[in-house]
$ cat run_24.txt   # compact mmCIF, C-alpha atoms
# COMPACT_ATOMS: atom_id res chain seq x y z
CA MET A 1 37.88 -51.90 -18.91
CA ALA A 2 39.79 -50.51 -21.84
CA GLY A 3 36.49 -50.06 -23.71
CA GLN A 4 34.98 -48.05 -20.87
CA GLN A 5 38.06 -45.77 -20.78
CA SER A 6 37.72 -45.23 -24.55
CA VAL A 7 34.04 -44.22 -24.17
CA VAL A 8 34.89 -41.78 -21.36
CA ALA A 9 37.69 -40.28 -23.45
CA ASP A 10 35.35 -39.76 -26.39
CA LYS A 11 32.81 -37.96 -24.19
CA VAL A 12 35.48 -35.67 -22.79
CA THR A 13 36.62 -34.83 -26.30
CA GLN A 14 33.04 -34.01 -27.41
CA SER A 15 32.41 -31.82 -24.35
CA THR A 16 35.44 -29.66 -25.11
CA GLY A 17 34.53 -29.15 -28.76
CA PRO A 18 31.98 -26.78 -30.36
CA VAL A 19 28.35 -27.24 -29.38
CA HIS A 20 25.94 -28.08 -32.22
CA ARG A 21 22.31 -27.42 -31.26
CA THR A 22 19.72 -29.22 -33.30
CA SER A 23 16.62 -27.44 -34.49
CA TYR A 24 13.48 -27.71 -32.37
CA THR A 25 11.42 -30.85 -32.78
CA ALA A 26 8.24 -31.69 -31.03
CA GLY A 27 8.62 -34.15 -28.21
CA PRO A 28 6.07 -36.16 -26.33
CA SER A 29 5.29 -33.25 -23.99
CA SER A 30 5.15 -30.65 -26.79
CA PRO A 31 2.10 -29.81 -28.88
CA PRO A 32 2.24 -31.20 -32.41
CA LEU A 33 3.44 -28.83 -35.11
CA ALA A 34 1.19 -28.05 -38.03
CA GLU A 35 2.14 -29.60 -41.34
CA LEU A 36 3.65 -27.17 -43.84
CA PRO A 37 2.18 -26.76 -47.30
CA ALA A 38 4.00 -28.57 -50.09
CA ASN A 39 5.36 -25.35 -51.63
CA ILE A 40 7.08 -24.22 -48.43
CA PRO A 41 10.56 -25.71 -47.62
CA ALA A 42 10.77 -27.71 -44.44
CA GLU A 43 14.06 -26.18 -43.25
CA LEU A 44 13.88 -23.73 -40.35
CA PRO A 45 15.50 -20.29 -40.69
CA GLY A 46 18.27 -21.19 -38.26
CA GLN A 47 19.85 -23.91 -40.47
CA ASP A 48 20.53 -24.17 -44.18
CA VAL A 49 20.34 -27.30 -46.32
CA ALA A 50 23.99 -28.13 -45.76
CA GLY A 51 23.55 -28.07 -42.00
CA ASN A 52 25.45 -24.80 -41.42
CA SER A 53 24.07 -22.82 -38.48
CA HIS A 54 22.83 -19.23 -38.89
CA GLN A 55 21.64 -16.87 -36.17
CA TYR A 56 17.92 -16.22 -36.60
CA HIS A 57 16.59 -12.69 -36.09
CA PRO A 58 12.79 -12.25 -35.93
CA PRO A 59 11.33 -9.54 -38.21
CA PRO A 60 10.89 -6.11 -36.62
CA TYR A 61 7.39 -5.17 -35.41
CA SER A 62 5.45 -3.46 -38.17
CA SER A 63 1.73 -3.23 -37.41
CA PRO A 64 -1.14 -5.15 -35.82
CA SER A 65 -2.40 -8.15 -37.74
CA ASP A 66 -5.83 -6.53 -37.54
CA ILE A 67 -5.62 -3.31 -39.57
CA SER A 68 -8.54 -1.84 -37.66
CA LEU A 69 -6.31 -1.67 -34.56
CA ASP A 70 -3.66 0.43 -36.30
CA PRO A 71 -4.46 4.17 -35.93
CA GLN A 72 -2.36 5.08 -38.99
CA ALA A 73 -4.09 2.53 -41.20
CA ARG A 74 -7.59 3.12 -39.87
CA SER A 75 -8.21 5.90 -42.38
CA THR A 76 -7.54 3.46 -45.24
CA LEU A 77 -10.25 1.01 -44.17
CA PRO A 78 -12.72 0.36 -46.99
CA LYS A 79 -15.98 2.22 -46.74
CA GLY A 80 -19.29 0.44 -46.74
CA PRO A 81 -21.99 -1.01 -44.50
CA GLN A 82 -20.98 -1.80 -40.94
CA TYR A 83 -22.28 -4.75 -38.95
CA TYR A 84 -23.38 -4.31 -35.34
CA PRO A 85 -25.39 -7.23 -33.91
CA GLY A 86 -29.00 -6.22 -33.44
CA LEU A 87 -28.76 -3.08 -35.60
CA PRO A 88 -29.57 -2.51 -39.29
CA ILE A 89 -26.59 -3.05 -41.60
CA LEU A 90 -25.70 0.50 -42.65
CA ASP A 91 -22.69 2.75 -43.12
CA TYR A 92 -23.25 4.72 -39.91
CA ARG A 93 -20.42 7.11 -40.78
CA GLN A 94 -22.83 8.80 -43.18
CA TYR A 95 -24.70 10.26 -40.19
CA SER A 96 -21.67 12.32 -39.09
CA PRO A 97 -19.50 13.12 -42.14
CA PRO A 98 -16.48 15.41 -41.78
CA MET A 99 -17.10 19.19 -41.66
CA PHE A 100 -20.77 18.76 -40.64
CA GLU A 101 -22.43 19.80 -37.39
CA LEU A 102 -25.37 17.98 -35.82
CA SER A 103 -28.25 20.15 -34.61
CA ALA A 104 -29.23 20.12 -30.94
CA ASP A 105 -32.49 18.31 -31.70
CA THR A 106 -30.64 15.76 -33.93
CA THR A 107 -32.95 16.44 -36.87
CA SER A 108 -30.31 17.83 -39.23
CA ILE A 109 -26.61 18.15 -40.04
CA THR A 110 -25.21 21.33 -41.58
CA SER A 111 -21.98 22.13 -43.40
CA LYS A 112 -20.49 25.42 -44.58
CA ALA A 113 -17.52 23.80 -46.32
CA ASN A 114 -16.26 25.90 -49.23
CA TYR A 115 -15.87 23.03 -51.67
CA LEU A 116 -19.52 22.03 -51.42
CA SER A 117 -20.64 25.48 -52.56
CA GLU A 118 -18.04 25.64 -55.32
CA ASN A 119 -17.89 22.14 -56.81
CA ALA A 120 -21.11 20.72 -58.24
CA ASN A 121 -19.66 17.24 -58.76
CA ALA A 122 -18.43 17.05 -55.15
CA LEU A 123 -21.86 18.16 -53.90
CA SER A 124 -23.84 15.64 -55.96
CA THR A 125 -21.47 12.81 -55.03
CA LEU A 126 -21.80 13.61 -51.33
CA LEU A 127 -25.60 13.83 -51.48
CA ARG A 128 -25.87 10.44 -53.17
CA SER A 129 -23.68 8.96 -50.45
CA LEU A 130 -25.66 10.52 -47.59
CA ALA A 131 -28.90 9.29 -49.14
CA THR A 132 -27.84 5.66 -48.57
CA VAL A 133 -28.80 5.76 -44.88
CA PRO A 134 -32.37 6.26 -43.61
CA PRO A 135 -33.81 8.79 -41.19
CA LYS A 136 -34.74 7.69 -37.67
CA PRO A 137 -38.55 7.60 -37.34
CA GLN A 138 -39.90 7.23 -33.83
CA VAL A 139 -43.15 6.92 -31.91
CA LEU A 140 -43.63 9.34 -29.01
CA ILE A 141 -46.47 8.58 -26.58
CA GLN A 142 -47.24 11.03 -23.77
CA GLY A 143 -49.94 11.31 -21.17
CA ASN A 144 -50.44 14.37 -19.00
CA ARG A 145 -52.98 15.78 -16.56
CA GLY A 146 -52.48 19.49 -16.39
CA ARG A 147 -48.76 20.18 -15.94
CA LYS A 148 -48.04 16.70 -14.66
CA ILE A 149 -46.65 14.26 -17.21
CA ASP A 150 -47.74 10.77 -16.18
CA PHE A 151 -45.76 8.93 -18.85
CA SER A 152 -43.61 9.75 -21.87
CA ILE A 153 -42.19 6.88 -23.89
CA LYS A 154 -40.44 6.56 -27.24
CA LEU A 155 -39.88 3.70 -29.66
CA ASN A 156 -37.41 3.53 -32.55
CA LEU A 157 -38.84 2.46 -35.93
CA MET A 158 -35.69 2.82 -38.07
CA ASN A 159 -35.08 -0.92 -38.35
CA LEU A 160 -38.42 -1.27 -40.20
CA LEU A 161 -36.96 0.61 -43.18
CA VAL A 162 -33.86 -1.51 -43.78
CA ALA A 163 -34.16 -5.01 -45.20
CA THR A 164 -31.77 -7.67 -43.97
CA ASP A 165 -30.87 -8.51 -47.57
CA PRO A 166 -29.61 -5.37 -49.37
CA ARG A 167 -31.27 -6.62 -52.56
CA ASP A 168 -34.68 -6.18 -50.91
CA ARG A 169 -34.18 -2.51 -50.05
CA LEU A 170 -36.69 -0.08 -51.57
CA ASP A 171 -35.03 3.29 -50.95
CA TYR A 172 -34.39 5.69 -53.82
CA LEU A 173 -33.36 9.28 -54.55
CA ARG A 174 -35.76 11.62 -56.33
CA CYS A 175 -35.94 15.25 -57.39
CA VAL A 176 -39.06 17.39 -57.47
CA GLY A 177 -41.44 16.82 -60.35
CA ARG A 178 -42.77 19.28 -62.87
CA ASP A 179 -46.03 19.94 -61.04
CA GLU A 180 -44.66 20.02 -57.46
CA MET A 181 -44.37 23.29 -55.59
CA ALA A 182 -40.90 23.53 -54.06
CA LEU A 183 -38.13 25.94 -53.17
CA ARG A 184 -36.17 25.90 -56.42
CA GLY A 185 -33.62 28.62 -55.76
CA GLY A 186 -35.65 31.49 -54.33
CA SER A 187 -37.32 32.43 -51.10
CA GLU A 188 -40.78 31.28 -52.23
CA PRO A 189 -41.95 27.91 -53.57
CA GLY A 190 -42.45 27.67 -57.32
CA LEU A 191 -42.61 25.37 -60.36
CA LYS A 192 -39.57 26.66 -62.25
CA PRO A 193 -36.93 25.70 -63.20
CA ASP A 194 -37.50 21.99 -63.82
CA PHE A 195 -34.76 19.43 -64.50
CA GLY A 196 -36.83 16.24 -64.23
CA MET A 197 -37.31 13.76 -61.40
CA ASP A 198 -34.68 11.17 -62.37
CA SER A 199 -31.64 12.94 -63.80
CA GLY A 200 -31.92 16.37 -62.22
CA LEU A 201 -29.59 16.08 -59.21
CA GLU A 202 -26.43 17.12 -61.03
CA ALA A 203 -28.30 19.95 -62.75
CA TRP A 204 -29.65 21.26 -59.43
CA CYS A 205 -26.20 21.07 -57.83
CA ASP A 206 -24.71 22.97 -60.76
CA ARG A 207 -27.37 25.67 -60.46
CA PHE A 208 -26.71 25.97 -56.72
CA VAL A 209 -22.95 26.37 -57.23
CA LYS A 210 -23.43 29.05 -59.91
CA ASP A 211 -25.99 30.95 -57.81
CA SER A 212 -24.41 34.28 -56.80
CA THR A 213 -26.94 35.04 -54.07
CA THR A 214 -25.38 36.24 -50.81
CA ILE A 215 -26.97 33.49 -48.73
CA LYS A 216 -27.91 30.17 -50.27
CA THR A 217 -28.73 26.71 -48.89
CA PHE A 218 -29.21 23.28 -50.43
CA MET A 219 -31.12 20.60 -48.52
CA LEU A 220 -31.44 16.85 -48.89
CA GLU A 221 -34.36 15.45 -46.92
CA ARG A 222 -34.73 11.82 -45.88
CA VAL A 223 -38.42 10.86 -45.73
CA VAL A 224 -40.47 7.79 -44.77
CA ALA A 225 -43.17 6.55 -47.15
CA ASN A 226 -46.17 4.20 -46.86
CA LEU A 227 -46.12 3.82 -43.08
CA ASP A 228 -49.70 3.88 -41.75
CA THR A 229 -49.20 6.09 -38.70
CA ASN A 230 -52.95 6.65 -38.34
CA TRP A 231 -53.55 2.93 -37.78
CA ILE A 232 -50.72 2.70 -35.23
CA GLU A 233 -52.00 5.78 -33.41
CA GLY A 234 -55.47 4.26 -33.15
CA GLN A 235 -54.10 1.09 -31.59
CA ILE A 236 -52.06 3.11 -29.08
CA ARG A 237 -55.00 5.26 -28.00
CA SER A 238 -57.18 2.18 -27.46
CA LEU A 239 -54.43 0.59 -25.41
CA VAL A 240 -54.02 3.64 -23.17
CA ALA A 241 -57.80 3.87 -22.71
CA SER A 242 -57.87 0.26 -21.50
CA THR A 243 -55.77 1.33 -18.48
CA ASP A 244 -58.54 3.76 -17.43
CA TYR A 245 -56.33 6.77 -18.07
CA LYS A 246 -58.36 10.02 -17.98
CA GLY A 247 -55.65 12.48 -18.97
CA GLN A 248 -54.68 13.95 -22.32
CA VAL A 249 -52.88 11.51 -24.62
CA THR A 250 -50.52 12.69 -27.35
CA VAL A 251 -49.18 10.36 -30.05
CA GLN A 252 -46.54 11.76 -32.40
CA PHE A 253 -44.17 10.36 -35.02
CA PRO A 254 -41.06 12.56 -34.96
CA VAL A 255 -38.24 11.89 -37.42
CA THR A 256 -34.61 12.67 -36.57
CA HIS A 257 -31.48 12.59 -38.77
CA ALA A 258 -33.77 13.70 -41.57
CA LYS A 259 -32.09 16.71 -43.16
CA VAL A 260 -28.72 17.44 -44.72
CA ILE A 261 -28.14 21.17 -45.21
CA ILE A 262 -25.37 22.75 -47.27
CA GLN A 263 -24.84 26.48 -46.77
CA ASN A 264 -22.36 28.79 -48.43
CA PRO A 265 -19.67 29.87 -45.93
CA ASP A 266 -19.63 33.19 -44.07
CA LYS A 267 -17.21 35.36 -46.02
CA HIS A 268 -17.34 38.12 -43.43
CA ASN A 269 -17.87 38.46 -39.72
CA LYS A 270 -20.71 36.18 -38.58
CA PHE A 271 -22.48 39.02 -36.78
CA LEU A 272 -22.38 41.21 -39.87
CA THR A 273 -23.55 38.28 -41.96
CA SER A 274 -26.54 37.68 -39.67
CA VAL A 275 -27.47 41.37 -39.87
CA THR A 276 -27.01 41.42 -43.63
CA SER A 277 -29.22 38.36 -44.01
CA LEU A 278 -32.17 40.38 -42.77
CA PHE A 279 -31.96 42.61 -45.81
CA SER A 280 -30.38 40.35 -48.44
CA SER A 281 -32.05 37.92 -50.80
CA LYS A 282 -31.84 34.23 -50.04
CA SER A 283 -31.83 31.21 -52.28
CA LYS A 284 -33.17 27.95 -50.89
CA TYR A 285 -32.95 24.67 -52.77
CA GLU A 286 -35.25 22.00 -51.33
CA VAL A 287 -35.60 19.82 -54.40
CA VAL A 288 -34.05 16.45 -53.48
CA LYS A 289 -35.44 13.70 -51.26
CA ALA A 290 -34.09 10.31 -50.18
CA VAL A 291 -37.25 8.21 -49.96
CA TRP A 292 -37.27 5.27 -47.54
CA PRO A 293 -40.50 3.26 -48.00
CA PHE A 294 -41.90 1.15 -45.18
CA ALA A 295 -43.76 -0.83 -47.85
CA THR A 296 -44.31 -0.92 -51.59
CA SER A 297 -47.70 0.79 -51.29
CA ARG A 298 -50.18 2.13 -48.76
CA ASN A 299 -51.80 -0.05 -46.14
CA GLY A 300 -54.77 -1.97 -47.55
CA GLU A 301 -53.74 -1.79 -51.20
CA HIS A 302 -53.57 -5.03 -53.17
CA GLY A 303 -50.15 -6.67 -53.49
CA ARG A 304 -48.57 -4.58 -50.74
CA LYS A 305 -45.23 -5.87 -49.46
CA CYS A 306 -43.43 -4.52 -46.41
CA VAL A 307 -39.68 -4.14 -46.21
CA VAL A 308 -39.45 -5.88 -42.81
CA GLN A 309 -42.93 -6.43 -41.32
CA SER A 310 -46.43 -4.97 -41.41
CA GLU A 311 -47.86 -2.46 -38.96
CA LYS A 312 -50.06 -5.23 -37.52
CA THR A 313 -47.12 -7.55 -36.90
CA TRP A 314 -45.12 -4.76 -35.31
CA TRP A 315 -48.03 -3.91 -33.00
CA GLU A 316 -48.48 -7.52 -31.91
CA GLU A 317 -44.80 -7.62 -30.91
CA TRP A 318 -44.73 -4.29 -29.08
CA ARG A 319 -48.23 -4.04 -27.58
CA ASP A 320 -47.29 -5.66 -24.25
CA PRO A 321 -43.97 -3.79 -23.82
CA ILE A 322 -45.76 -0.48 -24.50
CA LYS A 323 -48.55 -1.28 -22.04
CA PHE A 324 -46.08 -2.35 -19.36
CA ALA A 325 -44.04 0.85 -19.79
CA ILE A 326 -47.17 3.00 -19.55
CA ALA A 327 -48.33 1.14 -16.43
CA GLN A 328 -44.90 1.85 -14.90
CA LYS A 329 -45.37 5.55 -15.73
CA ARG A 330 -42.06 5.48 -17.53
CA GLN A 331 -40.18 8.49 -18.88
CA GLY A 332 -37.85 7.18 -21.58
CA TRP A 333 -37.30 4.57 -24.27
CA VAL A 334 -39.02 1.24 -24.77
CA THR A 335 -36.41 -1.14 -26.19
CA ASN A 336 -35.75 -4.75 -27.10
CA GLU A 337 -34.95 -5.42 -23.45
CA ASP A 338 -38.59 -4.64 -22.60
CA LYS A 339 -39.77 -6.96 -25.35
CA LEU A 340 -37.45 -9.68 -24.09
CA GLU A 341 -38.84 -9.36 -20.56
CA CYS A 342 -42.39 -9.59 -21.86
CA ILE A 343 -41.51 -12.75 -23.80
CA MET A 344 -39.51 -14.43 -21.05
CA GLU A 345 -41.32 -13.15 -17.96
CA SER A 346 -44.80 -12.35 -19.32
CA LYS A 347 -44.54 -8.74 -18.23
CA GLY A 348 -47.31 -6.57 -19.61
CA LYS A 349 -49.79 -9.43 -19.81
CA GLY A 350 -52.84 -9.24 -17.56
CA ILE A 351 -52.49 -5.51 -16.89
CA SER A 352 -55.89 -3.87 -16.94
CA LEU A 353 -56.58 -0.87 -14.73
CA VAL A 354 -53.75 1.31 -13.44
CA ASP A 355 -53.84 3.46 -10.31
CA TRP A 356 -53.05 6.88 -11.75
CA GLY A 357 -53.34 8.71 -8.44
CA PRO A 358 -55.44 11.78 -7.65
CA GLU A 359 -56.64 14.08 -10.40
CA MET A 360 -54.52 17.18 -10.85

$ encode --input "run_24.txt" --output "structure tokens"
Amino acid sequence: MAGQQSVVADKVTQSTGPVHRTSYTAGPSSPPLAELPANIPAELPGQDVAGNSHQYHPPPYSSPSDISLDPQARSTLPKGPQYYPGLPILDYRQYSPPMFELSADTTSITSKANYLSENANALSTLLRSLATVPPKPQVLIQGNRGRKIDFSIKLNLMNLLVATDPRDRLDYLRCVGRDEMALRGGSEPGLKPDFGMDSGLEAWCDRFVKDSTTIKTFMLERVVANLDTNWIEGQIRSLVASTDYKGQVTVQFPVTHAKVIIQNPDKHNKFLTSVTSLFSSKSKYEVVKAVWPFATSRNGEHGRKCVVQSEKTWWEEWRDPIKFAIAQKRQGWVTNEDKLECIMESKGKGISLVDWGPEM
């Protein structure tokens, strides 16, 4: 009895004294804690080695763990190729750089920034950067009878210019050669001056900056090389004919995002400048091209290697989606979704004659 009274007295004494809370330990119902590395002390911030308690204050909020979510840090993100599943690995920011305006038909971007007309090094550096992304070649297929357009479809060919492995890319930057007629700083094509094909970019940019002409422009053009458009067109026309189409068929290969134009800024009122341009001399520099080959050489030549796939392989993959879109009398794009439906659902297979309706 005396022992029980002693135990009760001890408990009362402990309950009236200071409370000592132990640090958190994982119990049976708690998830296990990860083991700490050997170089990190095992003590928690709330208790020192001697067992003295300290109040723990969490660090103030600073920024998201993912820097891309922080608007203030977004501008410091490293530049380089961007990865979007299903798209070529490119730095897509090069298609819309600051102080440039995209044309309504999306074929060109234009800038009248002062520094590009005054600093040759800045101009050459920018052009080399913008040359690292390809143009956007397309296939446009239209059929019409009189004023009625029966179908009008487009396909994107840009992915055929960009190898999955950057080491397999074939693109390069070149300047006009000695014997090539080009706009070299005047209003008419000519052969002079000549700065060479390989090391002439900086020289051309320097000449452009020093040109005192009232209106002057410098253009970088992105071009596609070694794509056999004639062979593809022939396959398309045969395919359309197999549907018993009697109208007029047009097959074109337009290229967008193909030109980068630098123009000296308007120093006066834009209206006065436009009027003055009718009577003033102009200097046009169209001497630099970013070449994006589809293959190492022309179709049929020995040893030819394609960046992604040959024209024949491409046609075998897209023949059924194209035929199905034409049979639907579509007005719009033919995409990977159409190809997926043809693979999974056999759409496009077995289509022969199409009811095109009455003649217009």

$ closest_residue --input "run_24.txt" --among "A:Val288, A:Val162, A:Ile236, A:Ile261" --to "Lys323 (chain A)" --atoms "all atoms listed in the file"
A:Ile236

$ residues_near_point --input "run_24.txt" --point "(-21.2, 17.2, -56.9)" --cutoff "10 Å" --atoms "only C-alpha atoms" --output "list of chain:residue names"
A:Tyr115, A:Leu116, A:Ser117, A:Glu118, A:Asn119, A:Ala120, A:Asn121, A:Ala122, A:Leu123, A:Ser124, A:Thr125, A:Leu126, A:Leu127, A:Arg128, A:Leu201, A:Glu202, A:Ala203, A:Trp204, A:Cys205, A:Asp206, A:Val209

$ write_last_selection --input "run_24.txt" --atoms "C-alpha atoms" --output "mmCIF file, in the frame of the given file"
data_model
loop_
_atom_site.group_PDB
_atom_site.id
_atom_site.type_symbol
_atom_site.label_atom_id
_atom_site.label_comp_id
_atom_site.auth_asym_id
_atom_site.auth_seq_id
_atom_site.Cartn_x
_atom_site.Cartn_y
_atom_site.Cartn_z
ATOM 1 C CA TYR A 115 -15.870 23.030 -51.670
ATOM 2 C CA LEU A 116 -19.520 22.030 -51.420
ATOM 3 C CA SER A 117 -20.640 25.480 -52.560
ATOM 4 C CA GLU A 118 -18.040 25.640 -55.320
ATOM 5 C CA ASN A 119 -17.890 22.140 -56.810
ATOM 6 C CA ALA A 120 -21.110 20.720 -58.240
ATOM 7 C CA ASN A 121 -19.660 17.240 -58.760
ATOM 8 C CA ALA A 122 -18.430 17.050 -55.150
ATOM 9 C CA LEU A 123 -21.860 18.160 -53.900
ATOM 10 C CA SER A 124 -23.840 15.640 -55.960
ATOM 11 C CA THR A 125 -21.470 12.810 -55.030
ATOM 12 C CA LEU A 126 -21.800 13.610 -51.330
ATOM 13 C CA LEU A 127 -25.600 13.830 -51.480
ATOM 14 C CA ARG A 128 -25.870 10.440 -53.170
ATOM 15 C CA LEU A 201 -29.590 16.080 -59.210
ATOM 16 C CA GLU A 202 -26.430 17.120 -61.030
ATOM 17 C CA ALA A 203 -28.300 19.950 -62.750
ATOM 18 C CA TRP A 204 -29.650 21.260 -59.430
ATOM 19 C CA CYS A 205 -26.200 21.070 -57.830
ATOM 20 C CA ASP A 206 -24.710 22.970 -60.760
ATOM 21 C CA VAL A 209 -22.950 26.370 -57.230
#

$ atom_distance --input "run_24.txt" --atom1 "CA of Ile232 (chain A)" --atom2 "CA of Tyr83 (chain A)"
29.6 Å

$ closest_residue --input "run_24.txt" --among "A:Cys306, A:Leu155, A:Ala295, A:Ala163" --to "Arg319 (chain A)" --atoms "only C-alpha atoms"
A:Leu155

$ residues_around --input "run_24.txt" --residues "Val287 (chain A)" --least-positions-apart "6" --cutoff "8 Å" --atoms "all atoms listed in the file" --output "PyMOL selection string"
chain A and resi 175-176+182-184+204+219-220

$ write_last_selection --input "run_24.txt" --atoms "C-alpha atoms" --output "PDB file, in the frame of the given file"
ATOM      1  CA  CYS A 175     -35.940  15.250 -57.390  1.00  0.00           C
ATOM      2  CA  VAL A 176     -39.060  17.390 -57.470  1.00  0.00           C
ATOM      3  CA  ALA A 182     -40.900  23.530 -54.060  1.00  0.00           C
ATOM      4  CA  LEU A 183     -38.130  25.940 -53.170  1.00  0.00           C
ATOM      5  CA  ARG A 184     -36.170  25.900 -56.420  1.00  0.00           C
ATOM      6  CA  TRP A 204     -29.650  21.260 -59.430  1.00  0.00           C
ATOM      7  CA  MET A 219     -31.120  20.600 -48.520  1.00  0.00           C
ATOM      8  CA  LEU A 220     -31.440  16.850 -48.890  1.00  0.00           C
TER       9      LEU A 220
END

$ residues_around --input "run_24.txt" --residues "Ile262 (chain A)" --least-positions-apart "6" --cutoff "7 Å" --atoms "all atoms listed in the file" --output "number ranges by chain"
A: 110-112, 217-219

$ closest_residue --input "run_24.txt" --among "A:Gly186, A:Leu140, A:Pro81, A:Asn226" --to "Thr164 (chain A)" --atoms "all atoms listed in the file"
A:Pro81

$ closest_residue --input "run_24.txt" --among "A:Leu170, A:Val139, A:Leu353, A:Leu340" --to "Ala241 (chain A)" --atoms "only C-alpha atoms"
A:Leu353

$ closest_residue --input "run_24.txt" --among "A:Pro134, A:Pro98, A:Gly80, A:Pro88" --to "His257 (chain A)" --atoms "all atoms listed in the file"
A:Pro134

$ atom_distance --input "run_24.txt" --atom1 "CA of Arg169 (chain A)" --atom2 "CA of Lys259 (chain A)"
20.5 Å

$ atom_distance --input "run_24.txt" --atom1 "CA of Lys329 (chain A)" --atom2 "CA of Lys136 (chain A)"
24.5 Å

$ closest_residue --input "run_24.txt" --among "A:Leu160, A:Ala327, A:Thr335, A:Ile153" --to "Gln309 (chain A)" --atoms "all atoms listed in the file"
A:Leu160

$ residues_around --input "run_24.txt" --residues "Asp179 (chain A)" --least-positions-apart "2" --cutoff "7 Å" --atoms "only C-alpha atoms" --output "PDB file with C-alpha atoms, keeping the file's coordinate frame"
ATOM      1  CA  GLY A 177     -41.440  16.820 -60.350  1.00  0.00           C
ATOM      2  CA  MET A 181     -44.370  23.290 -55.590  1.00  0.00           C
ATOM      3  CA  LEU A 191     -42.610  25.370 -60.360  1.00  0.00           C
TER       4      LEU A 191
END

$ build_atoms --input "run_24.txt" --residues "region 149-165 of chain A" --atoms "N, CA and C atoms" --output "short mmCIF file (atom, residue, chain, number, x, y, z; two decimals), keeping the file's coordinate frame"
data_model
loop_
_atom_site.label_atom_id
_atom_site.label_comp_id
_atom_site.auth_asym_id
_atom_site.auth_seq_id
_atom_site.Cartn_x
_atom_site.Cartn_y
_atom_site.Cartn_z
N ILE A 149 -46.81 15.27 -16.17
CA ILE A 149 -46.65 14.26 -17.21
C ILE A 149 -46.63 12.89 -16.54
N ASP A 150 -47.63 12.09 -16.81
CA ASP A 150 -47.74 10.77 -16.18
C ASP A 150 -46.82 9.75 -16.84
N PHE A 151 -46.68 9.83 -18.14
CA PHE A 151 -45.76 8.93 -18.85
C PHE A 151 -45.33 9.59 -20.16
N SER A 152 -44.15 9.24 -20.60
CA SER A 152 -43.61 9.75 -21.87
C SER A 152 -42.62 8.74 -22.39
N ILE A 153 -43.04 7.95 -23.39
CA ILE A 153 -42.19 6.88 -23.89
C ILE A 153 -41.95 7.04 -25.39
N LYS A 154 -40.81 6.50 -25.84
CA LYS A 154 -40.44 6.56 -27.24
C LYS A 154 -40.03 5.18 -27.74
N LEU A 155 -40.31 4.93 -29.00
CA LEU A 155 -39.88 3.70 -29.66
C LEU A 155 -39.22 4.04 -30.98
N ASN A 156 -38.16 3.31 -31.32
CA ASN A 156 -37.41 3.53 -32.55
C ASN A 156 -37.96 2.63 -33.66
N LEU A 157 -38.29 3.22 -34.81
CA LEU A 157 -38.84 2.46 -35.93
C LEU A 157 -37.86 2.33 -37.10
N MET A 158 -36.63 2.77 -36.94
CA MET A 158 -35.69 2.82 -38.07
C MET A 158 -35.43 1.45 -38.67
N ASN A 159 -35.39 0.42 -37.84
CA ASN A 159 -35.08 -0.92 -38.35
C ASN A 159 -36.15 -1.44 -39.31
N LEU A 160 -37.35 -0.83 -39.29
CA LEU A 160 -38.42 -1.27 -40.20
C LEU A 160 -38.23 -0.77 -41.63
N LEU A 161 -37.21 0.05 -41.84
CA LEU A 161 -36.96 0.61 -43.18
C LEU A 161 -35.82 -0.08 -43.91
N VAL A 162 -35.08 -0.93 -43.20
CA VAL A 162 -33.86 -1.51 -43.78
C VAL A 162 -34.00 -3.03 -43.83
N ALA A 163 -34.05 -3.57 -45.03
CA ALA A 163 -34.16 -5.01 -45.20
C ALA A 163 -32.85 -5.69 -44.82
N THR A 164 -32.96 -6.90 -44.32
CA THR A 164 -31.77 -7.67 -43.97
C THR A 164 -30.92 -7.95 -45.21
N ASP A 165 -31.56 -8.29 -46.30
CA ASP A 165 -30.87 -8.51 -47.57
C ASP A 165 -30.86 -7.19 -48.34
#
